[in-house]
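Listing of entry.txt, compact mmCIF, C-alpha atoms and all ligand atoms
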# COMPACT_ATOMS: atom_id res chain seq x y z
CA MET A 1 -4.85 -31.67 3.27
CA SER A 2 -5.58 -28.06 2.24
CA LYS A 3 -4.67 -26.70 -1.18
CA HIS A 4 -2.53 -23.59 -1.64
CA LEU A 5 -2.16 -21.07 -4.45
CA LEU A 6 1.31 -19.77 -3.72
CA ASP A 7 2.79 -19.91 -7.22
CA PHE A 8 2.52 -22.21 -10.24
CA LYS A 9 5.20 -24.74 -9.25
CA ASP A 10 2.82 -27.50 -8.10
CA ILE A 11 -0.13 -26.86 -10.37
CA GLU A 12 -1.23 -28.69 -13.50
CA LYS A 13 -1.92 -27.02 -16.83
CA LYS A 14 -5.59 -28.07 -16.70
CA ASP A 15 -6.01 -26.26 -13.35
CA ILE A 16 -4.50 -23.06 -14.76
CA GLU A 17 -6.84 -23.30 -17.75
CA LYS A 18 -9.77 -23.77 -15.35
CA LEU A 19 -8.74 -20.74 -13.26
CA ILE A 20 -8.54 -18.58 -16.42
CA ASP A 21 -11.82 -19.94 -17.75
CA VAL A 22 -13.68 -19.32 -14.47
CA THR A 23 -12.14 -15.84 -14.10
CA GLY A 24 -13.25 -14.94 -17.62
CA LYS A 25 -16.80 -16.25 -17.30
CA LEU A 26 -18.09 -15.86 -13.77
CA ASN A 27 -20.50 -13.21 -12.61
CA PRO A 28 -19.31 -12.05 -9.15
CA GLU A 29 -22.90 -11.28 -8.15
CA LYS A 30 -24.03 -14.84 -8.86
CA THR A 31 -21.61 -17.10 -7.04
CA ASP A 32 -22.50 -20.01 -4.78
CA GLU A 33 -21.74 -19.19 -1.15
CA ILE A 34 -18.90 -20.87 0.73
CA SER A 35 -19.19 -20.70 4.51
CA SER A 36 -15.66 -20.05 5.69
CA ILE A 37 -13.32 -17.64 7.47
CA SER A 38 -10.30 -16.07 5.78
CA LEU A 39 -7.50 -13.89 7.14
CA LEU A 40 -6.01 -11.20 4.90
CA LYS A 41 -2.49 -10.50 6.13
CA PHE A 42 -0.93 -7.68 4.13
CA ASP A 43 2.47 -6.41 5.27
CA GLU A 44 2.96 -4.18 2.25
CA PRO A 45 0.67 -1.52 0.79
CA SER A 46 -1.97 -2.76 -1.64
CA THR A 47 -5.09 -1.28 -3.16
CA ARG A 48 -6.22 -3.76 -5.83
CA THR A 49 -5.20 -7.12 -4.36
CA ARG A 50 -6.34 -6.49 -0.78
CA LEU A 51 -9.68 -4.98 -1.72
CA SER A 52 -10.45 -7.44 -4.50
CA PHE A 53 -9.84 -10.35 -2.11
CA SER A 54 -12.19 -8.62 0.37
CA VAL A 55 -14.87 -8.14 -2.28
CA ALA A 56 -14.35 -11.67 -3.65
CA ALA A 57 -14.80 -13.07 -0.13
CA TYR A 58 -17.93 -10.94 0.35
CA ARG A 59 -19.39 -12.30 -2.90
CA LEU A 60 -18.65 -15.85 -1.77
CA GLY A 61 -20.04 -15.39 1.73
CA ILE A 62 -16.56 -15.84 3.26
CA LYS A 63 -16.01 -13.76 6.39
CA THR A 64 -12.67 -11.95 6.32
CA PHE A 65 -10.50 -10.49 9.04
CA GLU A 66 -7.37 -8.42 8.52
CA SER A 67 -4.01 -8.51 10.28
CA SER A 68 -0.42 -7.48 9.62
CA ASP A 69 3.01 -8.06 11.12
CA ILE A 70 2.97 -4.78 13.00
CA THR A 71 -0.32 -5.57 14.75
CA SER A 72 0.50 -9.23 15.47
CA ALA A 73 2.66 -11.01 18.03
CA LYS A 74 5.32 -11.54 15.35
CA MET A 75 6.69 -8.26 16.70
CA LYS A 76 7.28 -10.13 19.99
CA GLY A 77 9.26 -12.88 18.26
CA GLU A 78 6.48 -15.42 17.61
CA ASN A 79 7.39 -17.96 14.94
CA LEU A 80 5.27 -18.78 11.89
CA LYS A 81 4.28 -22.27 13.13
CA HIS A 82 2.73 -20.87 16.30
CA GLU A 83 1.11 -18.04 14.39
CA ILE A 84 -0.57 -20.49 11.97
CA GLU A 85 -1.62 -22.85 14.79
CA THR A 86 -3.32 -19.89 16.44
CA TYR A 87 -5.22 -19.00 13.25
CA LYS A 88 -6.38 -22.60 12.84
CA SER A 89 -7.57 -22.77 16.46
CA MET A 90 -9.91 -19.87 15.67
CA GLY A 91 -11.49 -21.63 12.68
CA ILE A 92 -9.60 -19.61 10.05
CA GLU A 93 -9.42 -21.85 6.97
CA SER A 94 -7.48 -19.66 4.53
CA LEU A 95 -4.81 -16.98 4.59
CA VAL A 96 -4.08 -14.43 1.90
CA ILE A 97 -0.53 -13.16 2.38
CA ARG A 98 1.31 -10.16 0.98
CA THR A 99 4.86 -9.76 2.20
CA LYS A 100 8.15 -8.30 1.04
CA GLU A 101 9.87 -11.49 2.21
CA ASP A 102 10.75 -14.23 -0.31
CA ASN A 103 9.79 -16.95 2.20
CA ILE A 104 7.09 -18.73 0.24
CA ASP A 105 8.43 -22.21 1.03
CA GLU A 106 7.83 -21.65 4.74
CA TYR A 107 4.09 -21.49 3.97
CA ARG A 108 4.00 -24.38 1.49
CA LYS A 109 4.36 -26.99 4.25
CA PHE A 110 1.23 -26.06 6.24
CA GLU A 111 -1.41 -28.72 5.67
CA ASP A 112 -4.63 -27.73 7.45
CA ILE A 113 -4.94 -24.18 6.20
CA SER A 114 -4.96 -22.87 2.62
CA VAL A 115 -2.49 -20.13 1.78
CA ILE A 116 -2.96 -17.85 -1.23
CA SER A 117 -0.22 -15.50 -2.34
CA GLY A 118 -1.30 -11.89 -2.62
CA GLY A 119 2.31 -11.06 -3.57
CA PHE A 120 5.47 -12.57 -2.07
CA GLY A 121 8.74 -10.62 -2.33
CA THR A 122 9.98 -10.62 -5.91
CA SER A 123 8.87 -14.21 -6.50
CA SER A 124 5.10 -14.60 -6.74
CA HIS A 125 1.81 -12.89 -7.51
CA PRO A 126 -0.27 -15.70 -9.06
CA THR A 127 -3.71 -14.08 -8.91
CA GLN A 128 -2.31 -11.12 -10.90
CA ALA A 129 -0.92 -13.55 -13.50
CA ILE A 130 -4.33 -15.25 -13.74
CA LEU A 131 -6.11 -11.97 -14.39
CA ASP A 132 -3.41 -10.92 -16.88
CA ALA A 133 -3.81 -14.19 -18.78
CA THR A 134 -7.60 -13.81 -18.70
CA THR A 135 -7.24 -10.32 -20.22
CA LEU A 136 -4.99 -11.69 -22.96
CA ASP A 137 -7.58 -14.40 -23.59
CA LYS A 138 -10.36 -11.81 -23.85
CA PHE A 139 -8.44 -10.14 -26.71
CA ASN A 140 -7.49 -13.50 -28.33
CA LYS A 141 -3.79 -13.06 -27.53
CA LEU A 142 -3.32 -16.07 -25.26
CA ASP A 143 -3.27 -18.65 -28.05
CA LYS A 144 -1.19 -16.51 -30.44
CA ASP A 145 2.28 -17.80 -31.28
CA THR A 146 3.80 -14.43 -30.33
CA PRO A 147 5.37 -13.62 -26.94
CA VAL A 148 3.89 -11.46 -24.24
CA VAL A 149 6.62 -8.83 -23.77
CA TYR A 150 7.35 -7.38 -20.31
CA ILE A 151 8.82 -3.87 -20.19
CA GLY A 152 10.02 -2.02 -17.08
CA ASP A 153 11.61 -3.27 -13.88
CA VAL A 154 11.43 -6.95 -14.77
CA LYS A 155 14.22 -7.97 -12.38
CA HIS A 156 12.34 -7.03 -9.20
CA SER A 157 8.86 -7.96 -10.45
CA ARG A 158 6.76 -10.70 -8.87
CA VAL A 159 4.18 -10.04 -11.60
CA PHE A 160 6.78 -11.08 -14.18
CA GLU A 161 7.90 -14.14 -12.15
CA SER A 162 4.36 -15.48 -11.80
CA GLY A 163 3.57 -14.55 -15.41
CA ARG A 164 6.54 -16.46 -16.80
CA GLU A 165 5.62 -19.55 -14.73
CA LEU A 166 2.00 -19.45 -15.87
CA PHE A 167 2.82 -18.79 -19.55
CA SER A 168 5.50 -21.47 -19.53
CA LEU A 169 2.89 -24.04 -18.38
CA LEU A 170 0.54 -22.89 -21.14
CA GLY A 171 3.31 -22.98 -23.77
CA LYS A 172 3.09 -19.23 -24.39
CA LYS A 173 6.32 -17.42 -25.21
CA VAL A 174 7.64 -14.56 -23.04
CA GLY A 175 9.89 -11.66 -24.04
CA VAL A 176 11.47 -8.70 -22.25
CA PHE A 177 12.59 -5.25 -23.35
CA THR A 178 14.33 -3.25 -20.66
CA HIS A 179 17.55 -1.67 -19.42
CA GLU A 180 20.21 -4.31 -18.72
CA SER A 181 20.06 -3.54 -14.97
CA PHE A 182 16.40 -4.56 -14.97
CA LEU A 183 16.86 -7.87 -16.83
CA PRO A 184 15.99 -10.96 -14.76
CA ASP A 185 18.90 -13.12 -13.55
CA ASP A 186 17.36 -16.20 -15.19
CA LEU A 187 16.89 -15.55 -18.89
CA SER A 188 16.12 -19.15 -19.84
CA ASN A 189 13.29 -19.34 -22.40
CA ILE A 190 13.03 -15.54 -22.46
CA GLU A 191 13.39 -13.61 -25.71
CA VAL A 192 15.36 -10.40 -25.08
CA LEU A 193 14.34 -7.55 -27.40
CA ASN A 194 16.47 -4.47 -27.98
CA SER A 195 14.26 -1.67 -29.31
CA TRP A 196 10.66 -0.55 -29.52
CA ASP A 197 10.75 -1.37 -33.27
CA GLU A 198 11.68 -4.96 -32.42
CA VAL A 199 8.93 -5.09 -29.80
CA LEU A 200 6.30 -3.85 -32.25
CA GLU A 201 7.46 -6.34 -34.93
CA THR A 202 7.47 -9.24 -32.47
CA THR A 203 4.35 -9.02 -30.35
CA GLU A 204 0.68 -8.14 -30.06
CA ALA A 205 0.75 -8.00 -26.23
CA ILE A 206 2.88 -5.84 -23.95
CA GLU A 207 2.82 -5.86 -20.15
CA LEU A 208 4.35 -2.70 -18.69
CA LEU A 209 5.81 -2.92 -15.20
CA ARG A 210 6.25 -0.18 -12.68
CA VAL A 211 9.67 1.43 -12.36
CA GLN A 212 10.17 2.55 -8.80
CA LYS A 213 12.02 5.84 -8.55
CA GLU A 214 14.27 4.38 -5.85
CA ARG A 215 15.42 1.69 -8.32
CA ILE A 216 16.68 4.23 -10.84
CA LYS A 217 20.02 4.26 -9.00
CA ASP A 218 20.41 0.61 -10.13
CA LEU A 219 20.66 1.83 -13.73
CA GLY A 220 24.34 2.76 -13.34
CA ASP A 221 25.32 5.61 -15.64
CA SER A 222 21.78 6.00 -16.95
CA ASP A 223 19.59 8.45 -15.17
CA LEU A 224 15.86 8.78 -15.07
CA ASP A 225 15.70 11.00 -18.18
CA GLU A 226 17.71 8.51 -20.22
CA TYR A 227 15.51 5.67 -19.02
CA ILE A 228 12.35 7.55 -19.94
CA ASN A 229 13.78 8.47 -23.32
CA LYS A 230 14.48 4.88 -24.30
CA TYR A 231 11.86 2.77 -22.53
CA GLN A 232 8.80 4.91 -21.78
CA LEU A 233 5.66 3.87 -23.69
CA THR A 234 4.36 6.93 -25.51
CA ASP A 235 1.28 7.63 -27.60
CA GLU A 236 3.56 7.91 -30.68
CA ILE A 237 4.68 4.30 -30.14
CA LEU A 238 1.10 3.14 -29.68
CA ASP A 239 -0.06 5.06 -32.79
CA LYS A 240 2.71 3.40 -34.82
CA ALA A 241 1.85 -0.09 -33.50
CA SER A 242 -0.47 -2.49 -35.28
CA GLU A 243 -4.18 -2.18 -34.50
CA ASP A 244 -3.83 -5.67 -32.99
CA LEU A 245 -1.46 -4.54 -30.20
CA ILE A 246 -2.76 -4.40 -26.65
CA THR A 247 -0.90 -3.08 -23.60
CA LEU A 248 -1.43 -4.19 -20.02
CA HIS A 249 -0.16 -2.86 -16.68
CA PRO A 250 -0.79 -4.53 -13.30
CA MET A 251 -0.81 -1.11 -11.61
CA PRO A 252 -0.05 0.98 -9.66
CA MET A 253 1.54 2.85 -12.56
CA ASN A 254 3.90 5.79 -12.49
CA VAL A 255 2.56 8.02 -15.24
CA GLY A 256 5.51 10.00 -16.59
CA ILE A 257 8.02 7.17 -16.02
CA GLU A 258 7.14 3.82 -17.66
CA ILE A 259 4.16 5.34 -19.50
CA SER A 260 3.37 8.84 -20.73
CA GLU A 261 0.16 10.64 -19.80
CA LYS A 262 -1.17 10.39 -23.38
CA ALA A 263 -0.31 6.69 -23.67
CA SER A 264 -2.14 6.07 -20.39
CA LEU A 265 -5.32 7.31 -22.13
CA HIS A 266 -4.75 5.43 -25.41
CA LYS A 267 -7.30 2.94 -26.74
CA LYS A 268 -4.61 0.25 -27.08
CA PHE A 269 -3.98 0.44 -23.30
CA LYS A 270 -6.33 -2.09 -21.68
CA TYR A 271 -5.71 -1.68 -17.95
CA LYS A 272 -9.42 -1.23 -17.24
CA ASP A 273 -10.12 -4.65 -18.76
CA GLN A 274 -7.48 -6.05 -16.42
CA LEU A 275 -9.09 -4.29 -13.46
CA SER A 276 -12.44 -5.86 -14.34
CA PHE A 277 -10.92 -9.32 -13.74
CA GLY A 278 -9.51 -8.42 -10.29
CA VAL A 279 -12.45 -9.69 -8.24
CA PRO A 280 -13.21 -12.70 -10.52
CA SER A 281 -9.59 -13.84 -10.33
CA ARG A 282 -9.72 -13.78 -6.52
CA ILE A 283 -13.12 -15.54 -6.46
CA ALA A 284 -11.66 -18.24 -8.73
CA SER A 285 -8.61 -18.51 -6.45
CA TYR A 286 -10.72 -18.99 -3.30
CA MET A 287 -12.82 -21.58 -5.18
CA TYR A 288 -9.66 -23.36 -6.34
CA VAL A 289 -8.11 -23.73 -2.87
CA MET A 290 -11.50 -24.79 -1.44
CA GLU A 291 -11.90 -27.36 -4.22
CA LYS A 292 -15.07 -25.78 -5.60
CA ILE A 293 -13.68 -25.73 -9.16
N1 LIG A 301 -1.40 -5.07 -9.02
C1 LIG A 301 -1.31 -5.02 -7.67
O1 LIG A 301 -0.86 -5.96 -7.03
O2 LIG A 301 -1.78 -3.85 -7.12
P1 LIG A 301 -1.79 -3.55 -5.55
O3 LIG A 301 -0.34 -3.41 -5.11
O4 LIG A 301 -2.57 -2.29 -5.39
O5 LIG A 301 -2.45 -4.71 -4.86

In structure tokens, how does this file's structure come out?
Ligand code: CP
Amino acid sequence: MSKHLLDFKDIEKKDIEKLIDVTGKLNPEKTDEISSISLLKFDEPSTRTRLSFSVAAYRLGIKTFESSDITSAKMKGENLKHEIETYKSMGIESLVIRTKEDNIDEYRKFEDISVISGGFGTSSHPTQAILDATTLDKFNKLDKDTPVVYIGDVKHSRVFESGRELFSLLGKKVGVFTHESFLPDDLSNIEVLNSWDEVLETTEAIELLRVQKERIKDLGDSDLDEYINKYQLTDEILDKASEDLITLHPMPMNVGIEISEKASLHKKFKYKDQLSFGVPSRIASYMYVMEKI
């Protein structure tokens, strides 16, 4: 029976710790080769996830092929069972899926092929959460008794959903600071903060999330300027923050909306450290589903 990495619902704490440990320590140029074939099926745009899975596979000696809904027979009404049977008949052993659909459970049941989430709807992006946690660990924030605080469009964010699952398993607290329209429906075990001052008093780790311009209409009476005024991370906020504060962003970021130009260049903004764990997190994920770690 093949292993999946779709989210963190069926995974043990020790396996998460192993994924973070391997992501933090491995040298992508010195990995043992795995002879296998993987299909990358991305039905939404992606720069980081798609390419880092390609590079991770290259480093591991895994041959990748790419497909998408618009180039596959799904457009002719083929169902997922027949699609997966076809992949398996060709010797494909793993799929990496990015889709706008929240249909993760349809994939969970397949037994002879490993499925890794490269981002499902608003519900899952586990390899991003692994690299985020690895970045926190690098700066000694993972074991701190302070929450990681998500700011931005939390409600529609698969990065937040996977992050809260992962941090919950590790016993790390999670907070949010955002407009009420962007609060998640499920606020259980989430600390809701109400101002930047509260954020800076409460945490040493912020994760900014992208605010899509098309979502601004969800803010009700607030418009984009009001949103920016209250929630944008600026260099003044970062200057005022403790030297211990770090800020993350999964990217792509909208400079000028959730973060100002100057803040995007600030030394407390660690997105390049996150980027450096993109390929290692995907190597670790392939190794996990292929039972190499
Ligand atoms: N962080 C992230 O998932 O980026 P991409 O959409 O470019 O893959």

Legend entry - Non-local contacts of region 114-131 of chain A (8 Å; only C-alpha atoms; under 5 positions in same chain excluded) as a count of residues only: 45

Legend entry - Residue neighbourhood Ile246 (chain A), 12 Å, all atoms listed in the file, exclusion window fewer than 6 positions, as a ChimeraX atom specification: /A:132,135-142,148-149,200,203-208,237-239,263,266-274

Selected residues written out, C-alpha atoms, as a short mmCIF file (atom, residue, chain, number, x, y, z; two decimals), in the coordinates of the input:
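This went into result-v7.cif:
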data_model
loop_
_atom_site.label_atom_id
_atom_site.label_comp_id
_atom_site.auth_asym_id
_atom_site.auth_seq_id
_atom_site.Cartn_x
_atom_site.Cartn_y
_atom_site.Cartn_z
CA ASP A 132 -3.41 -10.92 -16.88
CA THR A 135 -7.24 -10.32 -20.22
CA LEU A 136 -4.99 -11.69 -22.96
CA ASP A 137 -7.58 -14.40 -23.59
CA LYS A 138 -10.36 -11.81 -23.85
CA PHE A 139 -8.44 -10.14 -26.71
CA ASN A 140 -7.49 -13.50 -28.33
CA LYS A 141 -3.79 -13.06 -27.53
CA LEU A 142 -3.32 -16.07 -25.26
CA VAL A 148 3.89 -11.46 -24.24
CA VAL A 149 6.62 -8.83 -23.77
CA LEU A 200 6.30 -3.85 -32.25
CA THR A 203 4.35 -9.02 -30.35
CA GLU A 204 0.68 -8.14 -30.06
CA ALA A 205 0.75 -8.00 -26.23
CA ILE A 206 2.88 -5.84 -23.95
CA GLU A 207 2.82 -5.86 -20.15
CA LEU A 208 4.35 -2.70 -18.69
CA ILE A 237 4.68 4.30 -30.14
CA LEU A 238 1.10 3.14 -29.68
CA ASP A 239 -0.06 5.06 -32.79
CA ALA A 263 -0.31 6.69 -23.67
CA HIS A 266 -4.75 5.43 -25.41
CA LYS A 267 -7.30 2.94 -26.74
CA LYS A 268 -4.61 0.25 -27.08
CA PHE A 269 -3.98 0.44 -23.30
CA LYS A 270 -6.33 -2.09 -21.68
CA TYR A 271 -5.71 -1.68 -17.95
CA LYS A 272 -9.42 -1.23 -17.24
CA ASP A 273 -10.12 -4.65 -18.76
CA GLN A 274 -7.48 -6.05 -16.42
#

Inset, instruction - For Tyr227 (chain A), work out the shell of residues within 12 Å, counting only C-alpha atoms and skipping chain neighbours fewer than 2 positions away, then give it as a VMD selection string. - result: chain A and resid 151 to 153 178 to 182 211 to 213 215 to 225 229 to 233 256 to 259

Legend entry - Distance in Å - CA of Ser260 (chain A) versus CA of Ala241 (chain A):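 Distance between the two atoms: 15.7 Å.
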
Legend entry - Residue contacts of Leu26 (chain A) (10 Å, all atoms listed in the file) excluding same-chain residues fewer than 4 positions away, as a list in words: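 Neighbouring residues, sequence-local ones excluded: Asp21, Val22, Lys30, Thr31, Phe277, Pro280, Ser281, Ile283 and Ala284 of chain A.
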
Legend entry - Nearest candidate to Arg164 (chain A) (options A:Thr146, A:Ser242, A:Ser188, A:Ser264; using all atoms listed in the file):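 Among the listed residues, A:Ser188 lies closest to Arg164 (chain A).
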
Legend entry - Separation of CA of Leu245 (chain A) from CA of Phe167 (chain A) in Å: 18.3 Å

Legend entry - Counting only C-alpha atoms, the residue of A:Thr64, A:Lys18, A:Gly91, A:Arg59 that sits nearest Leu40 (chain A): A:Thr64

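Take CA of Lys155 (chain A) and CA of Val192 (chain A): the distance between them is 13.0 Å.
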
Legend entry - Best match for closeness to ligand LIG 301 (chain A) among A:His249, A:Lys172, A:Lys81, A:Lys144, counting all atoms listed in the file: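 Between A:His249, A:Lys172, A:Lys81, A:Lys144, the residue approaching ligand LIG 301 (chain A) most closely is A:His249.
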
Give me region 35-46 of chain A with all heavy atoms filled in, as a compact mmCIF listing (two decimals), keeping the file's coordinate frame.
# COMPACT_ATOMS: atom_id res chain seq x y z
N SER A 35 -19.25 -21.16 3.12
CA SER A 35 -19.19 -20.70 4.51
C SER A 35 -17.78 -20.94 5.03
O SER A 35 -17.36 -22.09 5.17
CB SER A 35 -20.23 -21.47 5.33
OG SER A 35 -20.09 -21.12 6.67
N SER A 36 -17.04 -19.88 5.26
CA SER A 36 -15.66 -20.05 5.69
C SER A 36 -15.14 -18.75 6.30
O SER A 36 -15.80 -17.71 6.21
CB SER A 36 -14.80 -20.43 4.46
OG SER A 36 -13.49 -20.75 4.85
N ILE A 37 -13.96 -18.83 6.91
CA ILE A 37 -13.32 -17.64 7.47
C ILE A 37 -11.92 -17.51 6.85
O ILE A 37 -11.18 -18.50 6.77
CB ILE A 37 -13.19 -17.73 9.01
CG1 ILE A 37 -14.56 -17.96 9.66
CG2 ILE A 37 -12.54 -16.47 9.57
CD1 ILE A 37 -14.49 -18.18 11.17
N SER A 38 -11.58 -16.31 6.43
CA SER A 38 -10.30 -16.07 5.78
C SER A 38 -9.60 -14.89 6.46
O SER A 38 -10.25 -13.91 6.85
CB SER A 38 -10.53 -15.75 4.30
OG SER A 38 -9.31 -15.61 3.62
N LEU A 39 -8.30 -15.00 6.58
CA LEU A 39 -7.50 -13.89 7.14
C LEU A 39 -6.69 -13.25 6.03
O LEU A 39 -5.96 -13.95 5.30
CB LEU A 39 -6.56 -14.42 8.23
CG LEU A 39 -5.67 -13.35 8.87
CD1 LEU A 39 -6.48 -12.38 9.71
CD2 LEU A 39 -4.59 -14.00 9.73
N LEU A 40 -6.82 -11.94 5.87
CA LEU A 40 -6.01 -11.20 4.90
C LEU A 40 -4.86 -10.57 5.67
O LEU A 40 -5.08 -9.72 6.53
CB LEU A 40 -6.83 -10.12 4.21
CG LEU A 40 -8.16 -10.54 3.58
CD1 LEU A 40 -8.81 -9.36 2.85
CD2 LEU A 40 -7.99 -11.71 2.63
N LYS A 41 -3.65 -11.01 5.39
CA LYS A 41 -2.49 -10.50 6.13
C LYS A 41 -1.57 -9.80 5.14
O LYS A 41 -0.82 -10.44 4.39
CB LYS A 41 -1.78 -11.65 6.84
CG LYS A 41 -0.73 -11.21 7.81
CD LYS A 41 -0.42 -12.30 8.81
CE LYS A 41 0.69 -11.87 9.75
NZ LYS A 41 2.01 -11.87 9.13
N PHE A 42 -1.67 -8.49 5.11
CA PHE A 42 -0.93 -7.68 4.13
C PHE A 42 0.11 -6.84 4.87
O PHE A 42 -0.24 -5.96 5.65
CB PHE A 42 -1.89 -6.79 3.34
CG PHE A 42 -2.55 -7.52 2.19
CD1 PHE A 42 -3.33 -8.64 2.41
CD2 PHE A 42 -2.36 -7.10 0.88
CE1 PHE A 42 -3.92 -9.33 1.36
CE2 PHE A 42 -2.93 -7.78 -0.18
CZ PHE A 42 -3.72 -8.90 0.06
N ASP A 43 1.38 -7.15 4.62
CA ASP A 43 2.47 -6.41 5.27
C ASP A 43 3.14 -5.41 4.33
O ASP A 43 4.21 -4.90 4.65
CB ASP A 43 3.49 -7.41 5.83
CG ASP A 43 2.87 -8.22 6.95
OD1 ASP A 43 2.20 -7.61 7.81
OD2 ASP A 43 2.98 -9.45 6.92
N GLU A 44 2.51 -5.22 3.19
CA GLU A 44 2.96 -4.18 2.25
C GLU A 44 1.71 -3.47 1.76
O GLU A 44 0.63 -4.06 1.76
CB GLU A 44 3.60 -4.83 1.02
CG GLU A 44 5.05 -5.15 1.13
CD GLU A 44 5.61 -5.52 -0.25
OE1 GLU A 44 4.86 -5.97 -1.12
OE2 GLU A 44 6.80 -5.32 -0.42
N PRO A 45 1.85 -2.22 1.30
CA PRO A 45 0.67 -1.52 0.79
C PRO A 45 0.05 -2.25 -0.40
O PRO A 45 0.75 -2.89 -1.17
CB PRO A 45 1.24 -0.17 0.32
CG PRO A 45 2.59 -0.06 0.91
CD PRO A 45 3.08 -1.44 1.19
N SER A 46 -1.26 -2.16 -0.50
CA SER A 46 -1.97 -2.76 -1.64
C SER A 46 -3.33 -2.11 -1.74
O SER A 46 -4.01 -1.95 -0.73
CB SER A 46 -2.13 -4.27 -1.42
OG SER A 46 -3.07 -4.80 -2.32
